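Student: Input structure: run-v7.cif, which contains mmCIF, C-alpha atoms.
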data_upload
loop_
_atom_site.group_PDB
_atom_site.id
_atom_site.type_symbol
_atom_site.label_atom_id
_atom_site.label_comp_id
_atom_site.auth_asym_id
_atom_site.auth_seq_id
_atom_site.Cartn_x
_atom_site.Cartn_y
_atom_site.Cartn_z
ATOM 1 C CA MET S 4 113.958 69.981 102.040
ATOM 2 C CA ILE S 5 114.282 73.622 101.053
ATOM 3 C CA TRP S 6 112.035 73.162 98.013
ATOM 4 C CA HIS S 7 109.468 71.399 100.184
ATOM 5 C CA SER S 8 109.456 74.347 102.614
ATOM 6 C CA ILE S 9 109.056 76.792 99.728
ATOM 7 C CA TYR S 10 106.178 74.726 98.354
ATOM 8 C CA GLU S 11 104.446 74.570 101.744
ATOM 9 C CA PHE S 12 104.757 78.317 102.215
ATOM 10 C CA ALA S 13 104.124 79.709 98.729
ATOM 11 C CA PHE S 14 101.994 77.171 96.869
ATOM 12 C CA ALA S 15 100.333 74.689 99.222
ATOM 13 C CA PRO S 16 97.614 77.124 100.440
ATOM 14 C CA PHE S 17 96.402 77.579 96.856
ATOM 15 C CA VAL S 18 96.586 73.843 96.088
ATOM 16 C CA ASP S 19 94.772 72.765 99.249
ATOM 17 C CA PHE S 20 91.998 75.358 99.539
ATOM 18 C CA SER S 21 89.559 76.384 96.819
ATOM 19 C CA PHE S 22 88.778 79.766 98.422
ATOM 20 C CA MET S 23 92.484 80.667 98.174
ATOM 21 C CA ARG S 24 92.522 79.681 94.498
ATOM 22 C CA ARG S 25 89.450 81.809 93.778
ATOM 23 C CA ALA S 26 90.999 84.746 95.621
ATOM 24 C CA LEU S 27 94.243 84.410 93.641
ATOM 25 C CA VAL S 28 92.408 84.201 90.299
ATOM 26 C CA GLY S 29 90.392 87.270 91.290
ATOM 27 C CA CYS S 30 93.557 89.210 92.138
ATOM 28 C CA ILE S 31 95.209 88.230 88.852
ATOM 29 C CA ALA S 32 92.136 89.304 86.877
ATOM 30 C CA LEU S 33 91.990 92.595 88.781
ATOM 31 C CA ALA S 34 95.675 93.164 88.069
ATOM 32 C CA MET S 35 95.250 92.592 84.340
ATOM 33 C CA GLY S 36 92.349 95.023 84.096
ATOM 34 C CA SER S 37 93.165 97.719 86.622
ATOM 35 C CA ALA S 38 96.956 98.035 86.199
ATOM 36 C CA PRO S 39 96.745 99.523 82.649
ATOM 37 C CA ILE S 40 93.959 101.854 83.795
ATOM 38 C CA GLY S 41 96.068 102.989 86.750
ATOM 39 C CA LEU S 42 99.086 103.587 84.530
ATOM 40 C CA LEU S 43 97.064 105.774 82.156
ATOM 41 C CA LEU S 44 95.712 107.725 85.138
ATOM 42 C CA VAL S 45 99.279 108.324 86.336
ATOM 43 C CA MET S 46 100.423 109.387 82.869
ATOM 44 C CA ARG S 47 97.495 111.795 82.613
ATOM 45 C CA ARG S 48 98.347 113.205 86.070
ATOM 46 C CA MET S 49 94.943 112.100 87.312
ATOM 47 C CA SER S 50 96.107 109.731 90.058
ATOM 48 C CA LEU S 51 93.765 111.151 92.690
ATOM 49 C CA MET S 52 90.822 110.804 90.308
ATOM 50 C CA GLY S 53 90.951 107.062 90.859
ATOM 51 C CA ASP S 54 90.405 107.634 94.559
ATOM 52 C CA ALA S 55 87.533 110.000 93.805
ATOM 53 C CA MET S 56 85.853 107.507 91.497
ATOM 54 C CA SER S 57 86.260 104.683 94.023
ATOM 55 C CA HIS S 58 84.166 106.692 96.463
ATOM 56 C CA ALA S 59 81.712 107.654 93.746
ATOM 57 C CA VAL S 60 80.476 104.063 93.371
ATOM 58 C CA LEU S 61 79.608 103.821 97.083
ATOM 59 C CA PRO S 62 76.096 105.383 97.080
ATOM 60 C CA GLY S 63 75.033 103.237 94.123
ATOM 61 C CA ALA S 64 76.343 100.105 95.837
ATOM 62 C CA ALA S 65 74.530 101.204 99.010
ATOM 63 C CA ILE S 66 71.223 101.615 97.147
ATOM 64 C CA GLY S 67 71.691 98.188 95.574
ATOM 65 C CA PHE S 68 72.348 96.801 99.056
ATOM 66 C CA MET S 69 69.190 98.460 100.404
ATOM 67 C CA LEU S 70 67.065 96.979 97.610
ATOM 68 C CA ALA S 71 68.531 93.470 97.371
ATOM 69 C CA GLY S 72 70.897 92.946 100.303
ATOM 70 C CA LEU S 73 74.405 91.632 99.618
ATOM 71 C CA SER S 74 73.554 90.876 95.995
ATOM 72 C CA LEU S 75 76.477 91.163 93.604
ATOM 73 C CA PRO S 76 74.434 92.092 90.486
ATOM 74 C CA ALA S 77 72.391 94.745 92.327
ATOM 75 C CA MET S 78 75.365 96.333 94.080
ATOM 76 C CA SER S 79 77.537 96.222 90.950
ATOM 77 C CA LEU S 80 74.836 97.796 88.769
ATOM 78 C CA GLY S 81 74.148 100.466 91.376
ATOM 79 C CA GLY S 82 77.846 101.228 91.753
ATOM 80 C CA PHE S 83 78.330 101.451 88.001
ATOM 81 C CA ILE S 84 75.388 103.840 87.545
ATOM 82 C CA ALA S 85 76.576 106.020 90.434
ATOM 83 C CA GLY S 86 80.156 106.124 89.112
ATOM 84 C CA VAL S 87 79.056 107.056 85.596
ATOM 85 C CA LEU S 88 76.700 109.714 86.983
ATOM 86 C CA VAL S 89 79.479 111.318 89.022
ATOM 87 C CA ALA S 90 81.837 111.244 86.014
ATOM 88 C CA VAL S 91 79.209 112.904 83.804
ATOM 89 C CA LEU S 92 78.303 115.552 86.405
ATOM 90 C CA ALA S 93 81.961 116.348 87.071
ATOM 91 C CA GLY S 94 82.597 116.636 83.333
ATOM 92 C CA LEU S 95 79.629 118.974 82.865
ATOM 93 C CA ALA S 96 80.743 121.117 85.795
ATOM 94 C CA THR S 97 84.234 121.373 84.291
ATOM 95 C CA ARG S 98 82.934 122.226 80.826
ATOM 96 C CA TYR S 99 80.308 124.834 81.748
ATOM 97 C CA THR S 100 81.865 126.463 84.821
ATOM 98 C CA SER S 101 85.280 127.744 85.854
ATOM 99 C CA VAL S 102 85.882 124.773 88.183
ATOM 100 C CA LYS S 103 88.856 122.604 87.197
ATOM 101 C CA GLU S 104 88.412 118.877 86.630
ATOM 102 C CA ASP S 105 90.313 117.754 89.738
ATOM 103 C CA ALA S 106 88.342 120.099 91.988
ATOM 104 C CA SER S 107 85.078 119.020 90.391
ATOM 105 C CA PHE S 108 85.814 115.336 90.981
ATOM 106 C CA ALA S 109 86.886 116.080 94.556
ATOM 107 C CA ALA S 110 83.602 117.847 95.298
ATOM 108 C CA PHE S 111 81.411 115.132 93.823
ATOM 109 C CA TYR S 112 83.361 112.295 95.429
ATOM 110 C CA LEU S 113 82.985 113.875 98.874
ATOM 111 C CA LEU S 114 79.249 114.153 98.314
ATOM 112 C CA SER S 115 79.123 110.538 97.101
ATOM 113 C CA LEU S 116 81.128 109.224 100.032
ATOM 114 C CA ALA S 117 78.951 110.998 102.574
ATOM 115 C CA ALA S 118 75.750 109.862 100.855
ATOM 116 C CA GLY S 119 76.930 106.255 100.593
ATOM 117 C CA VAL S 120 78.029 105.973 104.227
ATOM 118 C CA LEU S 121 74.764 107.579 105.332
ATOM 119 C CA LEU S 122 72.648 105.187 103.260
ATOM 120 C CA VAL S 123 74.441 102.079 104.508
ATOM 121 C CA SER S 124 74.421 103.289 108.109
ATOM 122 C CA VAL S 125 70.681 103.956 108.017
ATOM 123 C CA SER S 126 69.716 100.719 106.271
ATOM 124 C CA GLY S 127 72.231 98.222 107.623
ATOM 125 C CA SER S 128 74.723 97.440 110.355
ATOM 126 C CA ASN S 129 78.347 98.367 110.870
ATOM 127 C CA VAL S 130 79.277 94.922 109.563
ATOM 128 C CA ASP S 131 77.496 95.659 106.272
ATOM 129 C CA LEU S 132 79.288 99.002 106.019
ATOM 130 C CA MET S 133 82.687 97.391 106.646
ATOM 131 C CA HIS S 134 81.954 94.747 104.005
ATOM 132 C CA ILE S 135 81.191 97.360 101.353
ATOM 133 C CA LEU S 136 84.072 99.650 102.306
ATOM 134 C CA PHE S 137 86.774 97.002 102.706
ATOM 135 C CA GLY S 138 85.430 93.850 101.024
ATOM 136 C CA SER S 139 86.722 90.322 101.554
ATOM 137 C CA VAL S 140 88.781 88.805 98.757
ATOM 138 C CA LEU S 141 88.747 85.399 100.498
ATOM 139 C CA ALA S 142 84.949 85.322 100.187
ATOM 140 C CA VAL S 143 84.909 85.831 96.405
ATOM 141 C CA ASP S 144 82.492 83.386 94.786
ATOM 142 C CA ASN S 145 82.160 82.171 91.208
ATOM 143 C CA MET S 146 79.787 84.981 90.220
ATOM 144 C CA ALA S 147 82.220 87.616 91.472
ATOM 145 C CA LEU S 148 85.031 85.897 89.570
ATOM 146 C CA LEU S 149 82.993 85.992 86.371
ATOM 147 C CA LEU S 150 82.354 89.711 86.911
ATOM 148 C CA VAL S 151 86.026 90.506 87.525
ATOM 149 C CA ALA S 152 87.218 88.351 84.620
ATOM 150 C CA GLY S 153 84.578 89.834 82.303
ATOM 151 C CA VAL S 154 85.524 93.408 83.194
ATOM 152 C CA ALA S 155 89.231 92.627 82.758
ATOM 153 C CA SER S 156 88.539 91.089 79.339
ATOM 154 C CA VAL S 157 86.431 94.048 78.195
ATOM 155 C CA THR S 158 89.063 96.486 79.493
ATOM 156 C CA LEU S 159 91.928 94.811 77.647
ATOM 157 C CA ILE S 160 89.942 94.516 74.394
ATOM 158 C CA VAL S 161 88.805 98.171 74.481
ATOM 159 C CA LEU S 162 92.287 99.405 75.398
ATOM 160 C CA ALA S 163 93.773 97.395 72.525
ATOM 161 C CA ILE S 164 91.372 99.157 70.139
ATOM 162 C CA ILE S 165 91.758 102.726 71.437
ATOM 163 C CA TRP S 166 95.303 102.527 72.845
ATOM 164 C CA ARG S 167 96.983 104.802 70.291
ATOM 165 C CA PRO S 168 94.560 107.770 70.472
ATOM 166 C CA LEU S 169 94.277 107.351 74.243
ATOM 167 C CA LEU S 170 98.060 107.375 74.647
ATOM 168 C CA LEU S 171 98.351 110.324 72.275
ATOM 169 C CA GLU S 172 95.846 112.239 74.383
ATOM 170 C CA CYS S 173 98.064 111.577 77.411
ATOM 171 C CA LEU S 174 101.271 112.695 75.700
ATOM 172 C CA ASP S 175 100.141 115.421 73.277
ATOM 173 C CA PRO S 176 96.457 116.404 73.637
ATOM 174 C CA VAL S 177 97.003 119.617 71.646
ATOM 175 C CA PHE S 178 98.059 117.642 68.573
ATOM 176 C CA LEU S 179 95.102 115.271 68.947
ATOM 177 C CA PHE S 180 92.767 118.279 69.114
ATOM 178 C CA ALA S 181 94.451 119.872 66.078
ATOM 179 C CA VAL S 182 93.895 116.784 63.921
ATOM 180 C CA ARG S 183 90.338 116.420 65.255
ATOM 181 C CA GLY S 184 91.084 113.120 66.874
ATOM 182 C CA GLY S 185 88.025 113.176 69.136
ATOM 183 C CA GLY S 186 89.979 113.445 72.372
ATOM 184 C CA GLN S 187 86.893 114.176 74.457
ATOM 185 C CA TRP S 188 85.224 110.928 73.355
ATOM 186 C CA TRP S 189 88.324 108.878 74.216
ATOM 187 C CA HIS S 190 88.430 110.597 77.592
ATOM 188 C CA GLN S 191 84.822 109.705 78.367
ATOM 189 C CA LEU S 192 85.322 106.104 77.273
ATOM 190 C CA PHE S 193 88.400 105.919 79.470
ATOM 191 C CA LEU S 194 86.418 107.197 82.475
ATOM 192 C CA LEU S 195 83.861 104.476 81.770
ATOM 193 C CA LEU S 196 86.636 101.869 81.980
ATOM 194 C CA VAL S 197 87.817 103.382 85.268
ATOM 195 C CA VAL S 198 84.333 103.006 86.744
ATOM 196 C CA LEU S 199 84.004 99.439 85.429
ATOM 197 C CA ASN S 200 87.264 98.329 87.040
ATOM 198 C CA LEU S 201 86.465 99.991 90.350
ATOM 199 C CA VAL S 202 83.058 98.293 90.397
ATOM 200 C CA ALA S 203 84.759 94.956 89.686
ATOM 201 C CA GLY S 204 87.296 95.563 92.433
ATOM 202 C CA PHE S 205 85.020 96.748 95.204
ATOM 203 C CA GLN S 206 83.329 93.344 95.621
ATOM 204 C CA ALA S 207 86.679 91.732 96.369
ATOM 205 C CA LEU S 208 88.659 94.505 98.036
ATOM 206 C CA GLY S 209 85.987 97.053 98.917
ATOM 207 C CA THR S 210 85.572 100.569 97.577
ATOM 208 C CA LEU S 211 88.433 101.965 99.668
ATOM 209 C CA MET S 212 90.907 99.213 98.741
ATOM 210 C CA ALA S 213 90.127 98.673 95.044
ATOM 211 C CA VAL S 214 91.820 101.929 94.047
ATOM 212 C CA GLY S 215 94.993 100.845 95.869
ATOM 213 C CA LEU S 216 95.536 97.866 93.574
ATOM 214 C CA MET S 217 94.856 100.165 90.635
ATOM 215 C CA MET S 218 97.206 103.028 91.550
ATOM 216 C CA LEU S 219 100.116 101.744 93.666
ATOM 217 C CA PRO S 220 101.542 99.301 91.066
ATOM 218 C CA ALA S 221 101.163 101.946 88.351
ATOM 219 C CA ILE S 222 103.017 104.578 90.385
ATOM 220 C CA THR S 223 105.702 102.015 91.227
ATOM 221 C CA ALA S 224 106.129 101.114 87.549
ATOM 222 C CA ARG S 225 107.002 104.731 86.668
ATOM 223 C CA LEU S 226 110.107 104.354 88.852
ATOM 224 C CA TRP S 227 111.370 101.205 87.104
ATOM 225 C CA ALA S 228 110.775 101.615 83.365
ATOM 226 C CA GLN S 229 111.134 104.311 80.727
ATOM 227 C CA SER S 230 108.949 102.968 77.919
ATOM 228 C CA VAL S 231 105.178 102.738 78.177
ATOM 229 C CA GLY S 232 105.308 99.016 77.399
ATOM 230 C CA GLY S 233 107.861 98.439 80.136
ATOM 231 C CA MET S 234 105.764 100.373 82.640
ATOM 232 C CA LEU S 235 102.682 98.390 81.649
ATOM 233 C CA ILE S 236 104.415 95.039 82.199
ATOM 234 C CA CYS S 237 105.933 96.254 85.461
ATOM 235 C CA ALA S 238 102.574 97.521 86.783
ATOM 236 C CA MET S 239 100.842 94.217 86.020
ATOM 237 C CA THR S 240 103.698 92.240 87.582
ATOM 238 C CA VAL S 241 103.724 94.292 90.786
ATOM 239 C CA SER S 242 99.934 94.054 91.022
ATOM 240 C CA MET S 243 99.931 90.259 90.607
ATOM 241 C CA LEU S 244 102.801 89.786 93.069
ATOM 242 C CA SER S 245 100.998 91.999 95.576
ATOM 243 C CA GLY S 246 97.875 89.855 95.288
ATOM 244 C CA TRP S 247 99.801 86.598 95.600
ATOM 245 C CA GLY S 248 102.014 87.772 98.463
ATOM 246 C CA GLY S 249 99.174 89.516 100.275
ATOM 247 C CA LEU S 250 97.067 86.355 100.236
ATOM 248 C CA LEU S 251 99.980 84.335 101.598
ATOM 249 C CA LEU S 252 100.561 86.929 104.305
ATOM 250 C CA SER S 253 96.879 86.810 105.190
ATOM 251 C CA TYR S 254 96.921 83.004 105.310
ATOM 252 C CA HIS S 255 100.104 82.463 107.335
ATOM 253 C CA VAL S 256 99.910 85.443 109.709
ATOM 254 C CA GLU S 257 96.088 85.586 109.952
ATOM 255 C CA LEU S 258 95.753 89.176 108.773
ATOM 256 C CA PRO S 259 92.875 90.746 106.781
ATOM 257 C CA SER S 260 93.429 89.890 103.143
ATOM 258 C CA GLY S 261 92.526 93.204 101.465
ATOM 259 C CA PRO S 262 94.769 95.448 103.600
ATOM 260 C CA SER S 263 97.582 92.870 103.347
ATOM 261 C CA ILE S 264 97.478 93.066 99.534
ATOM 262 C CA ILE S 265 97.473 96.860 99.486
ATOM 263 C CA LEU S 266 100.194 97.142 102.144
ATOM 264 C CA LEU S 267 102.420 94.782 100.165
ATOM 265 C CA ALA S 268 101.869 96.921 97.057
ATOM 266 C CA GLY S 269 102.803 99.901 99.221
ATOM 267 C CA MET S 270 106.005 98.149 100.310
ATOM 268 C CA PHE S 271 106.929 97.632 96.641
ATOM 269 C CA TYR S 272 106.463 101.385 96.202
ATOM 270 C CA ILE S 273 108.574 102.303 99.254
ATOM 271 C CA VAL S 274 111.421 100.030 98.127
ATOM 272 C CA SER S 275 111.161 101.477 94.615
ATOM 273 C CA LEU S 276 111.447 105.008 95.981
ATOM 274 C CA LEU S 277 114.849 104.041 97.340
ATOM 275 C CA PHE S 278 116.304 101.650 94.756
ATOM 276 C CA ALA S 279 114.413 101.888 91.431
ATOM 277 C CA PRO S 280 116.831 102.706 88.582
ATOM 278 C CA GLN S 281 114.683 105.317 86.822
ATOM 279 C CA GLY S 282 113.494 107.437 89.729
ATOM 280 C CA GLY S 283 114.788 105.975 92.989
ATOM 281 C CA ALA S 284 116.591 108.183 95.489
ATOM 282 C CA LEU S 285 119.797 106.103 95.655
ATOM 283 C CA PRO S 286 120.409 105.825 91.858
ATOM 284 C CA ARG S 287 119.689 109.544 91.479
ATOM 285 C CA TYR S 288 122.186 110.327 94.231
ATOM 286 C CA ILE S 289 124.837 108.100 92.633
ATOM 287 C CA ARG S 290 124.330 109.742 89.233
ATOM 288 C CA ALA S 291 124.515 113.223 90.759
ATOM 289 C CA ARG S 292 127.792 112.365 92.526
ATOM 290 C CA HIS S 293 129.159 110.958 89.267
ATOM 291 C CA PHE S 294 128.453 114.198 87.395
ATOM 292 C CA GLU S 295 129.967 116.269 90.189
ATOM 293 C CA GLU S 296 133.207 114.334 89.878
#
Represent the structure from my file as structure tokens, please.
Tutor:
Amino acid sequence: MIWHSIYEFAFAPFVDFSFMRRALVGCIALAMGSAPIGLLLVMRRMSLMGDAMSHAVLPGAAIGFMLAGLSLPAMSLGGFIAGVLVAVLAGLATRYTSVKEDASFAAFYLLSLAAGVLLVSVSGSNVDLMHILFGSVLAVDNMALLLVAGVASVTLIVLAIIWRPLLLECLDPVFLFAVRGGGQWWHQLFLLLVVLNLVAGFQALGTLMAVGLMMLPAITARLWAQSVGGMLICAMTVSMLSGWGGLLLSYHVELPSGPSIILLAGMFYIVSLLFAPQGGALPRYIRARHFEE
């Protein structure tokens, strides 16, 4: 009886409905691609850059929407071009002026956000704007799944090839520069992967939600594991569980799917702040009391 209840609650929605299965596969693919990117952003102390880049794709997606309507290829291509353009402009501003990288990204993302909202508002309705900003993971079709799975595959393959120099740039960029390891090229390639994953995520979760599934599991993982491998596994696990649990919450309680997924990832983070062994408040308090005694 208990197992039947568990099955009805946790598994039956995915067995009975194809749109739930597609949404779950999309969330798993997003988790596999975006969780490692989010972890590297956290390790490079560039967490807010993910938010900036998620807004940077908006004007390109808006232009694609204006030209072809709610067309996945047009909006994805437009978002990718806009994201790469913002990354390049921010990098040039950082290199040739006194503006720091975080400030440069903040300035360009504000311009991109304003331009994107303006373009969608002028050319479409509030419903169109809400769809682009917040997405609908339950409406993911086969083409969107192919896009998300393709981006996740490319991300994992590229990261497997450049993982060591990319990780070295995170931990000791001075050494990488001293041995002429081409740190700037790895950085630009990494930014390209960030844009790719945000473009893949915005169709399902929207531009404002895609960065949540990228960053929240990665930040949570830093509180649970010490090694990079452990943090990587933890980030992917939290991301997948957030997608699965958020979809179930959306199905059973009739809540919007995207915010449910991100809020569940946020709950993992809040619980981790209190109880995680590596950085949680309670374990730190217990260790401090132990040393005092």
Student: Please write the residues picked by the PyMOL selection byres ((chain S and resi 269-276) around 12) on this file as a PDB file with C-alpha atoms, in the frame of the given file.
Tutor:
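The file below, selection.pdb, is the result:
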ATOM      1  CA  MET S 212      90.907  99.213  98.741  1.00  0.00           C
ATOM      2  CA  GLY S 215      94.993 100.845  95.869  1.00  0.00           C
ATOM      3  CA  LEU S 216      95.536  97.866  93.574  1.00  0.00           C
ATOM      4  CA  MET S 217      94.856 100.165  90.635  1.00  0.00           C
ATOM      5  CA  MET S 218      97.206 103.028  91.550  1.00  0.00           C
ATOM      6  CA  LEU S 219     100.116 101.744  93.666  1.00  0.00           C
ATOM      7  CA  PRO S 220     101.542  99.301  91.066  1.00  0.00           C
ATOM      8  CA  ALA S 221     101.163 101.946  88.351  1.00  0.00           C
ATOM      9  CA  ILE S 222     103.017 104.578  90.385  1.00  0.00           C
ATOM     10  CA  THR S 223     105.702 102.015  91.227  1.00  0.00           C
ATOM     11  CA  ALA S 224     106.129 101.114  87.549  1.00  0.00           C
ATOM     12  CA  ARG S 225     107.002 104.731  86.668  1.00  0.00           C
ATOM     13  CA  LEU S 226     110.107 104.354  88.852  1.00  0.00           C
ATOM     14  CA  TRP S 227     111.370 101.205  87.104  1.00  0.00           C
ATOM     15  CA  ALA S 228     110.775 101.615  83.365  1.00  0.00           C
ATOM     16  CA  CYS S 237     105.933  96.254  85.461  1.00  0.00           C
ATOM     17  CA  ALA S 238     102.574  97.521  86.783  1.00  0.00           C
ATOM     18  CA  THR S 240     103.698  92.240  87.582  1.00  0.00           C
ATOM     19  CA  VAL S 241     103.724  94.292  90.786  1.00  0.00           C
ATOM     20  CA  SER S 242      99.934  94.054  91.022  1.00  0.00           C
ATOM     21  CA  MET S 243      99.931  90.259  90.607  1.00  0.00           C
ATOM     22  CA  LEU S 244     102.801  89.786  93.069  1.00  0.00           C
ATOM     23  CA  SER S 245     100.998  91.999  95.576  1.00  0.00           C
ATOM     24  CA  GLY S 246      97.875  89.855  95.288  1.00  0.00           C
ATOM     25  CA  GLY S 248     102.014  87.772  98.463  1.00  0.00           C
ATOM     26  CA  GLY S 249      99.174  89.516 100.275  1.00  0.00           C
ATOM     27  CA  PRO S 262      94.769  95.448 103.600  1.00  0.00           C
ATOM     28  CA  SER S 263      97.582  92.870 103.347  1.00  0.00           C
ATOM     29  CA  ILE S 264      97.478  93.066  99.534  1.00  0.00           C
ATOM     30  CA  ILE S 265      97.473  96.860  99.486  1.00  0.00           C
ATOM     31  CA  LEU S 266     100.194  97.142 102.144  1.00  0.00           C
ATOM     32  CA  LEU S 267     102.420  94.782 100.165  1.00  0.00           C
ATOM     33  CA  ALA S 268     101.869  96.921  97.057  1.00  0.00           C
ATOM     34  CA  LEU S 277     114.849 104.041  97.340  1.00  0.00           C
ATOM     35  CA  PHE S 278     116.304 101.650  94.756  1.00  0.00           C
ATOM     36  CA  ALA S 279     114.413 101.888  91.431  1.00  0.00           C
ATOM     37  CA  PRO S 280     116.831 102.706  88.582  1.00  0.00           C
ATOM     38  CA  GLN S 281     114.683 105.317  86.822  1.00  0.00           C
ATOM     39  CA  GLY S 282     113.494 107.437  89.729  1.00  0.00           C
ATOM     40  CA  GLY S 283     114.788 105.975  92.989  1.00  0.00           C
ATOM     41  CA  ALA S 284     116.591 108.183  95.489  1.00  0.00           C
ATOM     42  CA  LEU S 285     119.797 106.103  95.655  1.00  0.00           C
ATOM     43  CA  PRO S 286     120.409 105.825  91.858  1.00  0.00           C
ATOM     44  CA  ARG S 287     119.689 109.544  91.479  1.00  0.00           C
TER      45      ARG S 287
END
Student: What does the distance between CA of Val28 in chain S and CA of Ala163 in chain S come to in Å, to one decimal place?
Tutor: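 Here the two named atoms are 22.2 Å from each other.
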Student: With all atoms listed in the file as the atoms that count, which of S:Ser107, S:Val140, S:Pro76, S:Tyr288 lies nearest to Met23 in chain S?
Tutor: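 The shortest atom-to-atom distance to Met23 in chain S comes from S:Val140.
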Student: Extract, using only C-alpha atoms, all DNA, RNA and protein residues at most 7 Å from Ala203 in chain S, discarding same-chain residues fewer than 2 positions from it, and format them as a ChimeraX atom specification.
Tutor: /S:150-151,154,199-201,205-206
Student: Just so the selection is clear, what residues does the PyMOL selection byres ((chain S and resi 92-97) around 9) cover here, as number ranges by chain?
Tutor: S: 87-91, 98-111, 191
Student: Please report the interatomic distance between CA of Ile9 in chain S and CA of Ala34 in chain S in Å with one decimal.
Tutor: 24.1 Å
Student: For each of S:Val256, S:Leu116, S:Ile84, S:Leu195, take the minimum atom-to-atom distance to Ser57 in chain S, counting all atoms listed in the file, then give the residue where this is smallest.
Tutor: S:Leu116
Student: Please compute the CA of Phe14 in chain S-CA of Leu208 in chain S distance, one decimal, in Å.
Tutor: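 According to the coordinates, CA of Phe14 in chain S and CA of Leu208 in chain S are separated by 21.9 Å.
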Student: Restricting the calculation to only C-alpha atoms: of S:Ala147, S:Met239, S:Leu251, S:Leu171, which residue gets closest to Ala15 in chain S?
Tutor: S:Leu251
Student: What would the list of residues within 9 Å of (79.2, 106.8, 97.1) (file frame) look like as a ChimeraX atom specification, if only C-alpha atoms are what count?
Tutor: /S:56-65,82,85-86,112-120,210
Student: So that I have them on file, write out the residues from the current selection with C-alpha atoms, as a compact mmCIF listing (two decimals), in the coordinates of the input.
Tutor:
# COMPACT_ATOMS: atom_id res chain seq x y z
CA MET S 56 85.85 107.51 91.50
CA SER S 57 86.26 104.68 94.02
CA HIS S 58 84.17 106.69 96.46
CA ALA S 59 81.71 107.65 93.75
CA VAL S 60 80.48 104.06 93.37
CA LEU S 61 79.61 103.82 97.08
CA PRO S 62 76.10 105.38 97.08
CA GLY S 63 75.03 103.24 94.12
CA ALA S 64 76.34 100.10 95.84
CA ALA S 65 74.53 101.20 99.01
CA GLY S 82 77.85 101.23 91.75
CA ALA S 85 76.58 106.02 90.43
CA GLY S 86 80.16 106.12 89.11
CA TYR S 112 83.36 112.30 95.43
CA LEU S 113 82.98 113.88 98.87
CA LEU S 114 79.25 114.15 98.31
CA SER S 115 79.12 110.54 97.10
CA LEU S 116 81.13 109.22 100.03
CA ALA S 117 78.95 111.00 102.57
CA ALA S 118 75.75 109.86 100.86
CA GLY S 119 76.93 106.26 100.59
CA VAL S 120 78.03 105.97 104.23
CA THR S 210 85.57 100.57 97.58
